[in-house]
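Let me begin by presenting the structure, written as structure tokens, before commenting on it.
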Protein chains: 2
Amino acid sequence: MENFVFYPRTKYVFGRGVENKVAGELKAFGMNKPLIVYGQGSVIRSGLLDRVKKCLEEAGIEYAELGDVQPNPVDTLVYEGIEKARKEGIDSLLAVGGGSAIDTAKAIAAAMCYDGDFWDLYCGTKVKAALPVGVVLTIPAAGSEGSGNTVITKVEGLHKKGMGSDCLRPRFSLLNPELTYTLPPYQTAAGITDMLAHLMERYFSNTEGVELTDRLGEGVMKAIIEVAPKVMAHPDDYDARANIMWSGTMAHNGLTGCGRIDDWATHGLEHELSAVYGVTHGAGLAVMFPAWMTYAADINPHKLAQFARRVFGVQEADDTKAAFAGISALKTFFKSIGMPTDMNELGITEPDIKLLSTKVVENKGAEFGNYIKVNEKVAEAIYRIAAGE
Amino acid sequence: MENFVFYPRTKYVFGRGVENKVAGELKAFGMNKPLIVYGQGSVIRSGLLDRVKKCLEEAGIEYAELGDVQPNPVDTLVYEGIEKARKEGIDSLLAVGGGSAIDTAKAIAAAMCYDGDFWDLYCGTKVKAALPVGVVLTIPAAGSEGSGNTVITKVEGLHKKGMGSDCLRPRFSLLNPELTYTLPPYQTAAGITDMLAHLMERYFSNTEGVELTDRLGEGVMKAIIEVAPKVMAHPDDYDARANIMWSGTMAHNGLTGCGRIDDWATHGLEHELSAVYGVTHGAGLAVMFPAWMTYAADINPHKLAQFARRVFGVQEADDTKAAFAGISALKTFFKSIGMPTDMNELGITEPDIKLLSTKVVENKGAEFGNYIKVNEKVAEAIYRIAAGE
């Protein structure tokens with residue numbers, strides 16, 4: 001087991017109606033004038049945003065607003081948010097939405113405590129301080145409500161980059177599963193895929209002696225796979241939505257990564273699909289993960305085999321055979337919840353594989369990933385598998 | 001799933017040599033003059049206490065000291081600590097040791113922010129504030145390094161009572177598995193039992209729709225059962241010690257209890273054994289848990305059966321039969337690590353069952369527990385099972 005620091009400092013308030021506690025939590029954490037960050041449609045249409053604003057107004061909390069966050073959130077809106085935050089003298093951020101709103105809020109939170117261009121912080125400059133961030137979650141997927149991570153796309157050149165710091169972990173996150181009842185099936189399934197991907201990125205590790213984090217990761221994966229059919233069949237099943245929502249948080253708050261070297265190659269590979277073709281991140285992962293696993297199974301099957309046996313109950317003594325049976329089971333699962341498993345199904349009929357593999361090493365480095373090493377040539381091979389070539 | 005608040009605010013620094021980071025963490029959390037709380041022997045003999053004090057001195061951090069904490073820590077030392085803390089003007093607590101040192105430190109931390117008798121806080125008065133607590137852990141067992149809980153025994157009348165508050169969660173915990181190499185086998189095994197008990201108290205629940213927390217609990221239990229033989233055979237196996245240490249924290253920080261109604265009857269039953277006969281808490285639990293399960297299996301077997309199947313791989317379709325097979329497997333496990341499984345093996349040859357069952361309802365109420373309800377008569381029946389009658 002590797003040494004680690006794990007600082008899961010977020011306060012979670014989970015259950016029916018918890019969004020109405022937003023003013024109390026803001027005050028408890030000394031967040032007196034937040035910038036509310038939200039997306040384009042559903043939080044407005046559902047009336048949630050109005051309810052949140054009303055809570056703040058009734059509690060005498062001033063706020064400013066930044067709407068119009070898009071999926072795969074972009075730097076241009078972050079710059080706009082920074083300007084607004086400075087002008088309005090805000091002291092905190094309140095994201096109302098999913099990963100895109102939260103990641104945008106985190107970017108602004110870090111930028112407000114940094115003198116240079118905020119994009120530096122996504123290119124290696126360490127975040128040393130940030131304004132506090134609070135969350136009202138509406139989309140369980142990215143896990144940003146419990147993580148210190150944020151991913152932003154630079155519009156110029158379509159560079160999608162992530163970074164993280166414990167000081168960006170939300171101070172509080174309000175999680176009401178009822179707010180997710182109206183999520184369309186495709187977005188629900190993409191969220192489920194994103195969670196599984198966060199777990200797999202940590203699970204596929206060569207670190208020895210990590211029995212506990214292996215078991216924790218398997219536990220969350222098994223719960224997701226067990227509950228997913230229920231939530232797809234009954235979008236208003238409270239317990240199913242609750243399990244999925246909490247799984248998304250547990251999948252990405254670092255719990256299942258403690259003491260091990262994570263992989264994260266597949267997220268790198270997928271980020272290029274999202275950046276170039278604008279696909280939904282989760283759907284892109286449903287395509288890229290099995291492709292990465294297929295490439296890895298021949299080289300380093302041991303953890304893929306353990307995954308197959310423990311998560312999908314594959315009974316097969318040979319590691320490579322078990323690994324391939326696990327990949328097949330995972331694809332079947334993705335199909336069962338309506339996810340694509342190759343680029344064609346994702347709507348990318350003529351992928352520019354050369355562009356994708358050039359860009360991925362540009363953004364991730366000449367060699368990336370840990371379970372297996374991925375360079376431009378390997379990336380190309382994996383993209384070809386994903387393209388069904 | 002039930003609504004819940006989960007605020008796991010502790011910063012964990014885990015790995016070799018992390019105790020040497022104590023001064024930096026104290027400063028980072030604004031803890032400028034701690035009262036160091038420690039036990040009677042091993043932290044002194046091993047030189048750990050001196051090393052910690054040297055770290056503080058080199059960093060220019062003043063401190064006061066309170067030693068001599070005993071297993072099943074008592075109120076009299078807490079009063080002594082409060083007096084010392086007030087006299088010395090300390091602003092924080094630093095526990096160096098296991099659950100007893102940490103629980104004593106938490107009691108003092110809460111008392112310093114409360115005007116009345118600190119024992120009120122163990123009798124229902126809510127803790128509203130506390131001085132910050134830091135931990136250097138040497139005994140993985142109680143899980144107090146990651147919880148807001150504390151258990152203290154009132155010497156007069158031998159009342160052992162617990163209480164909890166998020167404000168008592170340690171600000172930081174430094175966990176170096178190497179510090180546990182010298183733990184005697186009996187104490188190692190008692191710690192392992194305590195962890196399993198913390199997980200089982202949460203696992204045996206009637207709350208429906210808690211797939212994720214079921215799986216998380218099973219995961220930690222499976223990891224402990226997998227690693228325990230390694231740590232018993234090789235006390236200086238770093239990875240085995242590391243997995244056990246981290247399991248102890250995960251078993252009791254609330255993670256596996258989110259959204260469910262816990263049980264905690266067995267801890268109540270065991271606390272009387274510790275208070276009356278002075279037995280090691282973990283060893284007492286190895287006796288009381290199978291006894292409680294045996295009583296529960298006839299009345300409400302469903303979760304015991306799931307435990308048997310998922311944690312011990314019992315293959316038995318009938319719930320009651322599966323439950324009893326699970327109890328048997330658990331006892332075999334306890335025996336394999338040298339734990340007693342009845343009162344006689346625990347050294348209690350002539351238990352005063354009437355006294356135990358009278359005291360338990362005195363301390364826990366006329367009816368306690370949630371998976372099954374325990375009153376004085378049921379308690380007596382469970383103590384009789386534990387006594388092998």
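Lettering and numbering for the structure tokens are positional, with chains as A, B, ... in the shown order, residues counted from 1 in each chain, and ligands counted from 1 in the shown order.
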Contacts of chain B with chain A up to 9 Å, shortest pair per row, only C-alpha atoms, as a Markdown table:
```
| residue | atom | partner | partner_atom | distance |
| --- | --- | --- | --- | --- |
| B:Met1 | CA | A:Asp239 | CA | 5.7 |
| B:Glu2 | CA | A:Gly15 | CA | 7.1 |
| B:Asn3 | CA | A:Gly15 | CA | 4.3 |
| B:Phe4 | CA | A:Phe14 | CA | 5.3 |
| B:Val5 | CA | A:Val13 | CA | 4.5 |
| B:Phe6 | CA | A:Tyr12 | CA | 5.1 |
| B:Tyr7 | CA | A:Lys11 | CA | 4.2 |
| B:Pro8 | CA | A:Arg9 | CA | 6.0 |
| B:Arg9 | CA | A:Arg9 | CA | 4.1 |
| B:Thr10 | CA | A:Tyr7 | CA | 6.3 |
| B:Lys11 | CA | A:Tyr7 | CA | 4.2 |
| B:Tyr12 | CA | A:Phe6 | CA | 5.1 |
| B:Val13 | CA | A:Val5 | CA | 4.5 |
| B:Phe14 | CA | A:Phe4 | CA | 5.2 |
| B:Gly15 | CA | A:Asn3 | CA | 4.3 |
| B:Arg16 | CA | A:Asn3 | CA | 6.9 |
| B:Val18 | CA | A:Asn3 | CA | 8.9 |
| B:Phe172 | CA | A:Tyr7 | CA | 8.7 |
| B:Glu208 | CA | A:Asp239 | CA | 8.2 |
| B:Gly209 | CA | A:Asp239 | CA | 5.2 |
| B:Val210 | CA | A:Asn243 | CA | 6.9 |
| B:Glu211 | CA | A:Ala223 | CA | 5.6 |
| B:Leu212 | CA | A:Ala223 | CA | 5.0 |
| B:Thr213 | CA | A:Ala223 | CA | 8.5 |
| B:Asp214 | CA | A:Gly219 | CA | 8.3 |
| B:Arg215 | CA | A:Gly219 | CA | 4.6 |
| B:Leu216 | CA | A:Gly219 | CA | 5.3 |
| B:Gly217 | CA | A:Gly219 | CA | 8.3 |
| B:Glu218 | CA | A:Gly219 | CA | 7.5 |
| B:Gly219 | CA | A:Arg215 | CA | 4.6 |
| B:Val220 | CA | A:Leu212 | CA | 6.1 |
| B:Met221 | CA | A:Leu212 | CA | 8.9 |
| B:Lys222 | CA | A:Arg215 | CA | 7.3 |
| B:Ala223 | CA | A:Leu212 | CA | 5.0 |
| B:Ile224 | CA | A:Leu212 | CA | 7.6 |
| B:Glu226 | CA | A:Glu211 | CA | 7.9 |
| B:Val227 | CA | A:Glu211 | CA | 7.6 |
| B:Tyr238 | CA | A:Met1 | CA | 8.1 |
| B:Asp239 | CA | A:Gly209 | CA | 5.2 |
| B:Ala240 | CA | A:Gly209 | CA | 7.1 |
| B:Ala242 | CA | A:Met1 | CA | 7.2 |
| B:Asn243 | CA | A:Leu212 | CA | 6.0 |
| B:Ile244 | CA | A:Leu212 | CA | 8.4 |
| B:Trp246 | CA | A:Leu212 | CA | 7.9 |
| B:Ser247 | CA | A:Leu212 | CA | 6.8 |
| B:Gly259 | CA | A:Phe14 | CA | 8.2 |
```
- Skipping near chain neighbours, those fewer than 3 positions away, what residues fall within 10 Å of B:Leu137 using only C-alpha atoms, listed as a VMD selection string? chain B and resid 19 95 to 99 101 to 102 134 140 to 141 143 to 145 173 to 177 179 to 180 245
For the selection just defined, write its residues with N, CA, C and O atoms to a file, as a short mmCIF file (atom, residue, chain, number, x, y, z; two decimals), in the first residue's frame.
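Printed below is selection_29.cif as written:
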```
data_model
loop_
_atom_site.label_atom_id
_atom_site.label_comp_id
_atom_site.auth_asym_id
_atom_site.auth_seq_id
_atom_site.Cartn_x
_atom_site.Cartn_y
_atom_site.Cartn_z
N GLU B 19 3.84 10.24 11.71
CA GLU B 19 3.78 10.88 13.03
C GLU B 19 4.71 12.08 13.11
O GLU B 19 4.49 12.99 13.92
N ALA B 95 -4.22 13.45 21.03
CA ALA B 95 -4.20 12.11 21.60
C ALA B 95 -3.10 11.30 20.92
O ALA B 95 -3.02 11.28 19.69
N VAL B 96 -2.28 10.65 21.71
CA VAL B 96 -1.25 9.75 21.17
C VAL B 96 -1.55 8.38 21.77
O VAL B 96 -1.30 8.16 22.95
N GLY B 97 -2.11 7.50 20.98
CA GLY B 97 -2.47 6.19 21.49
C GLY B 97 -3.64 5.59 20.74
O GLY B 97 -3.78 5.82 19.53
N GLY B 98 -4.48 4.85 21.47
CA GLY B 98 -5.64 4.21 20.85
C GLY B 98 -6.93 4.87 21.29
O GLY B 98 -6.94 6.04 21.70
N GLY B 99 -8.01 4.10 21.23
CA GLY B 99 -9.34 4.64 21.51
C GLY B 99 -9.46 5.27 22.90
O GLY B 99 -10.14 6.29 23.05
N ALA B 101 -7.18 6.83 24.79
CA ALA B 101 -6.56 8.16 24.82
C ALA B 101 -7.41 9.15 24.00
O ALA B 101 -7.64 10.29 24.42
N ILE B 102 -7.89 8.71 22.85
CA ILE B 102 -8.67 9.61 21.99
C ILE B 102 -10.00 9.96 22.65
O ILE B 102 -10.42 11.13 22.67
N GLY B 134 -6.54 16.36 17.65
CA GLY B 134 -5.68 15.68 16.67
C GLY B 134 -5.27 14.34 17.23
O GLY B 134 -5.32 14.13 18.45
N PRO B 140 -5.20 0.18 16.22
CA PRO B 140 -6.36 0.19 15.33
C PRO B 140 -7.44 -0.70 15.94
O PRO B 140 -7.22 -1.89 16.11
N ALA B 141 -8.54 -0.13 16.29
CA ALA B 141 -9.60 -0.90 16.94
C ALA B 141 -10.87 -0.07 17.08
O ALA B 141 -11.87 -0.32 16.41
N GLY B 143 -11.69 2.94 16.27
CA GLY B 143 -12.15 3.79 15.18
C GLY B 143 -12.36 5.23 15.61
O GLY B 143 -12.87 6.05 14.84
N SER B 144 -11.96 5.56 16.82
CA SER B 144 -12.20 6.91 17.35
C SER B 144 -11.43 7.97 16.58
O SER B 144 -11.80 9.14 16.59
N GLU B 145 -10.37 7.55 15.88
CA GLU B 145 -9.57 8.48 15.08
C GLU B 145 -10.34 9.08 13.91
O GLU B 145 -9.91 10.06 13.31
N SER B 173 -5.83 12.94 11.70
CA SER B 173 -5.35 11.71 12.31
C SER B 173 -4.15 11.23 11.52
O SER B 173 -4.22 11.10 10.29
N LEU B 174 -3.07 10.97 12.24
CA LEU B 174 -1.84 10.48 11.61
C LEU B 174 -1.76 8.98 11.84
O LEU B 174 -1.72 8.53 12.98
N LEU B 175 -1.76 8.21 10.75
CA LEU B 175 -1.85 6.76 10.86
C LEU B 175 -0.63 6.10 10.23
O LEU B 175 -0.52 6.04 9.00
N ASN B 176 0.27 5.62 11.06
CA ASN B 176 1.44 4.90 10.58
C ASN B 176 1.34 3.44 10.99
O ASN B 176 1.51 3.11 12.18
N PRO B 177 1.09 2.55 10.04
CA PRO B 177 0.92 1.13 10.37
C PRO B 177 2.13 0.54 11.11
O PRO B 177 1.97 -0.40 11.90
N LEU B 179 3.69 1.68 13.53
CA LEU B 179 3.54 1.86 14.98
C LEU B 179 2.73 0.73 15.61
O LEU B 179 2.69 0.61 16.84
N THR B 180 2.09 -0.09 14.79
CA THR B 180 1.26 -1.17 15.34
C THR B 180 1.97 -2.54 15.30
O THR B 180 1.40 -3.53 15.73
N MET B 245 -5.37 -1.31 9.82
CA MET B 245 -5.46 0.03 10.41
C MET B 245 -6.54 0.87 9.71
O MET B 245 -7.40 1.47 10.36
#
```
- Selection near B:Gly164, 8 Å with only C-alpha atoms, sequence-local residues under 3 positions removed, as a PyMOL selection string: chain B and resi 127+148-150+168
Dump all heavy atoms for the selected residues as a compact mmCIF listing (two decimals), in the first residue's frame?
```txt
# COMPACT_ATOMS: atom_id res chain seq x y z
N VAL B 127 -23.67 18.07 22.69
CA VAL B 127 -22.40 18.80 22.56
C VAL B 127 -22.56 19.83 21.45
O VAL B 127 -22.89 19.48 20.32
CB VAL B 127 -21.25 17.85 22.19
CG1 VAL B 127 -19.95 18.63 21.99
CG2 VAL B 127 -21.06 16.79 23.27
N GLY B 148 -16.86 10.81 15.59
CA GLY B 148 -17.17 11.87 16.54
C GLY B 148 -17.59 11.28 17.89
O GLY B 148 -18.12 11.99 18.73
N ASN B 149 -17.35 9.98 18.06
CA ASN B 149 -17.82 9.29 19.25
C ASN B 149 -16.77 9.18 20.34
O ASN B 149 -15.57 9.20 20.07
CB ASN B 149 -18.28 7.87 18.87
CG ASN B 149 -19.38 7.91 17.84
OD1 ASN B 149 -19.13 7.75 16.65
ND2 ASN B 149 -20.58 8.17 18.28
N THR B 150 -17.24 9.05 21.55
CA THR B 150 -16.38 8.84 22.71
C THR B 150 -17.15 8.03 23.75
O THR B 150 -18.36 8.22 23.91
CB THR B 150 -15.88 10.19 23.30
OG1 THR B 150 -15.53 10.02 24.68
CG2 THR B 150 -16.93 11.29 23.21
N LEU B 168 -16.75 16.65 17.44
CA LEU B 168 -15.69 15.88 18.11
C LEU B 168 -14.87 15.04 17.15
O LEU B 168 -13.94 14.34 17.56
CB LEU B 168 -16.30 14.99 19.19
CG LEU B 168 -16.80 15.73 20.44
CD1 LEU B 168 -17.57 14.78 21.35
CD2 LEU B 168 -15.64 16.37 21.19
```
Need the shell around A:Thr320: protein/DNA/RNA residues with any atom at most 10 Å away, counting only C-alpha atoms. Skip same-chain ones fewer than 3 positions apart. Format as a tab-separated table (two decimals) with N, CA, C and O atoms, in the first residue's frame?
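So the final result, stored in around15.tsv, reads:
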```tsv
chain	number	residue	atom	x	y	z
A	296	ALA	N	-5.73	-3.74	-22.79
A	296	ALA	CA	-4.96	-4.07	-21.58
A	296	ALA	C	-5.00	-5.57	-21.24
A	296	ALA	O	-4.04	-6.09	-20.65
A	297	ALA	N	-6.08	-6.24	-21.63
A	297	ALA	CA	-6.28	-7.63	-21.20
A	297	ALA	C	-5.16	-8.56	-21.68
A	297	ALA	O	-4.80	-9.51	-20.98
A	298	ASP	N	-4.64	-8.28	-22.84
A	298	ASP	CA	-3.57	-9.14	-23.36
A	298	ASP	C	-2.24	-8.87	-22.67
A	298	ASP	O	-1.38	-9.75	-22.60
A	299	ILE	N	-2.06	-7.64	-22.17
A	299	ILE	CA	-0.77	-7.25	-21.60
A	299	ILE	C	-0.72	-7.49	-20.09
A	299	ILE	O	0.26	-7.98	-19.55
A	300	ASN	N	-1.78	-7.13	-19.40
A	300	ASN	CA	-1.78	-7.13	-17.93
A	300	ASN	C	-3.18	-7.49	-17.42
A	300	ASN	O	-3.93	-6.63	-16.95
A	301	PRO	N	-3.52	-8.77	-17.49
A	301	PRO	CA	-4.92	-9.14	-17.21
A	301	PRO	C	-5.30	-9.26	-15.74
A	301	PRO	O	-6.49	-9.31	-15.43
A	302	HIS	N	-4.34	-9.27	-14.79
A	302	HIS	CA	-4.66	-9.77	-13.44
A	302	HIS	C	-5.80	-9.02	-12.74
A	302	HIS	O	-6.68	-9.64	-12.16
A	304	LEU	N	-8.04	-7.03	-14.21
A	304	LEU	CA	-9.25	-7.17	-15.02
A	304	LEU	C	-9.93	-8.50	-14.70
A	304	LEU	O	-11.17	-8.58	-14.67
A	305	ALA	N	-9.12	-9.52	-14.45
A	305	ALA	CA	-9.67	-10.84	-14.11
A	305	ALA	C	-10.35	-10.80	-12.75
A	305	ALA	O	-11.44	-11.35	-12.57
A	316	GLU	N	-13.85	-18.40	-14.11
A	316	GLU	CA	-12.91	-18.76	-15.18
A	316	GLU	C	-11.51	-18.65	-14.57
A	316	GLU	O	-11.14	-17.59	-14.06
A	317	ALA	N	-10.78	-19.76	-14.57
A	317	ALA	CA	-9.49	-19.80	-13.86
A	317	ALA	C	-8.40	-19.00	-14.58
A	317	ALA	O	-7.57	-18.37	-13.94
A	323	ALA	N	-10.63	-12.02	-17.92
A	323	ALA	CA	-10.65	-10.59	-18.25
A	323	ALA	C	-11.59	-10.33	-19.43
A	323	ALA	O	-12.43	-9.42	-19.37
A	324	PHE	N	-11.47	-11.12	-20.48
A	324	PHE	CA	-12.34	-10.91	-21.65
A	324	PHE	C	-13.81	-11.19	-21.33
A	324	PHE	O	-14.70	-10.50	-21.83
A	325	ALA	N	-14.04	-12.17	-20.47
A	325	ALA	CA	-15.43	-12.44	-20.06
A	325	ALA	C	-15.99	-11.24	-19.27
A	325	ALA	O	-17.17	-10.89	-19.40
A	326	GLY	N	-15.13	-10.62	-18.48
A	326	GLY	CA	-15.54	-9.43	-17.71
A	326	GLY	C	-15.85	-8.26	-18.64
A	326	GLY	O	-16.83	-7.53	-18.42
```
- Could you pull out the alpha helix (DSSP H) residues of stretch 126-375 of chain B from DSSP and send them as a PyMOL selection string? chain B and resi 185-203+211-233+238-250+265-277+281-299+302-312+319-336+353-364
- Residue neighbourhood A:Tyr203, 9 Å, only C-alpha atoms, exclusion window fewer than 2 positions, as a list in words: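 Residues meeting the cut-off are His198, Leu199, Met200, Glu201, Ser205, Thr213, Asp214, Gly217, Glu218, Thr256, Gly257, Arg260, Asp262, Asp263, Lys303, Leu304 and Phe307 of chain A.
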Restrict the selected residues to N, CA, C and O atoms and save them as a PDB file, in the first residue's frame.
```pdb
ATOM      1  N   HIS A 198     -15.206   6.083 -12.818  1.00  0.00           N
ATOM      2  CA  HIS A 198     -14.393   6.630 -11.722  1.00  0.00           C
ATOM      3  C   HIS A 198     -13.878   5.517 -10.814  1.00  0.00           C
ATOM      4  O   HIS A 198     -12.763   5.589 -10.293  1.00  0.00           O
ATOM      5  N   LEU A 199     -14.704   4.514 -10.626  1.00  0.00           N
ATOM      6  CA  LEU A 199     -14.297   3.386  -9.785  1.00  0.00           C
ATOM      7  C   LEU A 199     -13.255   2.530 -10.500  1.00  0.00           C
ATOM      8  O   LEU A 199     -12.270   2.096  -9.892  1.00  0.00           O
ATOM      9  N   MET A 200     -13.467   2.301 -11.788  1.00  0.00           N
ATOM     10  CA  MET A 200     -12.542   1.443 -12.548  1.00  0.00           C
ATOM     11  C   MET A 200     -11.179   2.097 -12.729  1.00  0.00           C
ATOM     12  O   MET A 200     -10.151   1.425 -12.686  1.00  0.00           O
ATOM     13  N   GLU A 201     -11.171   3.425 -12.902  1.00  0.00           N
ATOM     14  CA  GLU A 201      -9.885   4.122 -13.034  1.00  0.00           C
ATOM     15  C   GLU A 201      -9.011   3.884 -11.800  1.00  0.00           C
ATOM     16  O   GLU A 201      -7.793   3.866 -11.873  1.00  0.00           O
ATOM     17  N   SER A 205      -5.261  -1.118 -10.960  1.00  0.00           N
ATOM     18  CA  SER A 205      -4.035  -0.605 -10.366  1.00  0.00           C
ATOM     19  C   SER A 205      -3.085  -1.769 -10.161  1.00  0.00           C
ATOM     20  O   SER A 205      -3.510  -2.903  -9.913  1.00  0.00           O
ATOM     21  N   THR A 213      -9.236  -1.305  -0.210  1.00  0.00           N
ATOM     22  CA  THR A 213      -9.762  -0.419  -1.266  1.00  0.00           C
ATOM     23  C   THR A 213     -10.261  -1.230  -2.460  1.00  0.00           C
ATOM     24  O   THR A 213     -11.196  -0.809  -3.147  1.00  0.00           O
ATOM     25  N   ASP A 214      -9.684  -2.401  -2.713  1.00  0.00           N
ATOM     26  CA  ASP A 214     -10.272  -3.288  -3.725  1.00  0.00           C
ATOM     27  C   ASP A 214     -11.714  -3.618  -3.358  1.00  0.00           C
ATOM     28  O   ASP A 214     -12.627  -3.485  -4.178  1.00  0.00           O
ATOM     29  N   GLY A 217     -14.115  -0.620  -3.632  1.00  0.00           N
ATOM     30  CA  GLY A 217     -14.420  -0.323  -5.035  1.00  0.00           C
ATOM     31  C   GLY A 217     -15.393  -1.343  -5.618  1.00  0.00           C
ATOM     32  O   GLY A 217     -16.382  -0.990  -6.273  1.00  0.00           O
ATOM     33  N   GLU A 218     -15.123  -2.613  -5.343  1.00  0.00           N
ATOM     34  CA  GLU A 218     -16.030  -3.670  -5.820  1.00  0.00           C
ATOM     35  C   GLU A 218     -17.431  -3.475  -5.226  1.00  0.00           C
ATOM     36  O   GLU A 218     -18.433  -3.671  -5.915  1.00  0.00           O
ATOM     37  N   THR A 256     -12.048   5.131  -2.718  1.00  0.00           N
ATOM     38  CA  THR A 256     -11.605   3.852  -3.284  1.00  0.00           C
ATOM     39  C   THR A 256     -10.224   3.961  -3.939  1.00  0.00           C
ATOM     40  O   THR A 256      -9.755   2.993  -4.537  1.00  0.00           O
ATOM     41  N   GLY A 257      -9.602   5.110  -3.783  1.00  0.00           N
ATOM     42  CA  GLY A 257      -8.260   5.294  -4.348  1.00  0.00           C
ATOM     43  C   GLY A 257      -7.170   5.377  -3.286  1.00  0.00           C
ATOM     44  O   GLY A 257      -5.986   5.426  -3.634  1.00  0.00           O
ATOM     45  N   ARG A 260      -3.350   3.641  -3.292  1.00  0.00           N
ATOM     46  CA  ARG A 260      -3.055   2.933  -4.540  1.00  0.00           C
ATOM     47  C   ARG A 260      -2.757   3.935  -5.649  1.00  0.00           C
ATOM     48  O   ARG A 260      -3.159   5.092  -5.602  1.00  0.00           O
ATOM     49  N   ASP A 262      -3.645   5.122  -9.104  1.00  0.00           N
ATOM     50  CA  ASP A 262      -4.787   5.034 -10.024  1.00  0.00           C
ATOM     51  C   ASP A 262      -4.298   4.984 -11.471  1.00  0.00           C
ATOM     52  O   ASP A 262      -3.131   5.203 -11.750  1.00  0.00           O
ATOM     53  N   ASP A 263      -5.239   4.747 -12.377  1.00  0.00           N
ATOM     54  CA  ASP A 263      -4.860   4.696 -13.786  1.00  0.00           C
ATOM     55  C   ASP A 263      -5.176   6.004 -14.531  1.00  0.00           C
ATOM     56  O   ASP A 263      -4.299   6.775 -14.827  1.00  0.00           O
ATOM     57  N   LYS A 303      -5.791  -7.701 -12.848  1.00  0.00           N
ATOM     58  CA  LYS A 303      -6.821  -6.951 -12.115  1.00  0.00           C
ATOM     59  C   LYS A 303      -8.141  -6.959 -12.874  1.00  0.00           C
ATOM     60  O   LYS A 303      -9.222  -6.893 -12.280  1.00  0.00           O
ATOM     61  N   LEU A 304      -8.039  -7.034 -14.208  1.00  0.00           N
ATOM     62  CA  LEU A 304      -9.250  -7.167 -15.020  1.00  0.00           C
ATOM     63  C   LEU A 304      -9.934  -8.497 -14.702  1.00  0.00           C
ATOM     64  O   LEU A 304     -11.169  -8.584 -14.673  1.00  0.00           O
ATOM     65  N   PHE A 307     -11.645  -8.205 -11.324  1.00  0.00           N
ATOM     66  CA  PHE A 307     -12.872  -7.424 -11.567  1.00  0.00           C
ATOM     67  C   PHE A 307     -13.970  -8.330 -12.125  1.00  0.00           C
ATOM     68  O   PHE A 307     -15.111  -8.326 -11.650  1.00  0.00           O
TER      69      PHE A 307
END
```
- DSSP on the backbone: what in stretch 104-259 of chain A comes out strand (DSSP E or B), as a ChimeraX atom specification? /A:133-137,149-154,159-164,172-175
- Item | d(atom CA of A:Glu62, atom CA of A:Phe118) in Å |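 Atom CA of A:Glu62 sits 25.4 Å away from atom CA of A:Phe118.
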- Quick one: residues within 8 Å of A:Ser92, only C-alpha atoms counted, chain neighbours fewer than 3 positions away excluded, as a PyMOL selection string? chain A and resi 31-35+109+131-134
Using the selection just defined, write its residues with C-alpha atoms as a PDB file, in the first residue's frame.
```
ATOM      1  CA  MET A  31     -20.510  31.911   3.128  1.00  0.00           C
ATOM      2  CA  ASN A  32     -22.279  35.260   3.178  1.00  0.00           C
ATOM      3  CA  LYS A  33     -22.448  36.334  -0.454  1.00  0.00           C
ATOM      4  CA  PRO A  34     -22.289  33.434  -2.897  1.00  0.00           C
ATOM      5  CA  LEU A  35     -22.200  33.472  -6.660  1.00  0.00           C
ATOM      6  CA  ALA A 109     -13.336  29.687  -6.523  1.00  0.00           C
ATOM      7  CA  LEU A 131     -13.196  30.469  -1.923  1.00  0.00           C
ATOM      8  CA  PRO A 132     -15.569  27.968  -0.278  1.00  0.00           C
ATOM      9  CA  VAL A 133     -17.939  26.076  -2.578  1.00  0.00           C
ATOM     10  CA  GLY A 134     -21.379  24.691  -1.702  1.00  0.00           C
TER      11      GLY A 134
END
```
- Counting only C-alpha atoms, what is within 8 Å of stretch 344-355 of chain B, bar same-chain residues fewer than 5 positions away, as an MDAnalysis selection string? chainID B and resid 277 279 283:284 287 380 383:384 387:388
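You can rank B:Asn370, B:Gln306, B:Thr182, B:Thr294 by their closest distance to B:Ile385 using only C-alpha atoms, and at the top of that list sits B:Thr294.
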- Item | Distance criterion (only C-alpha atoms): nearest to A:Ala386 out of A:Ile337, A:His281, A:Ser328, A:Leu269 |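 That would be A:Leu269, the residue with the smallest distance to A:Ala386.
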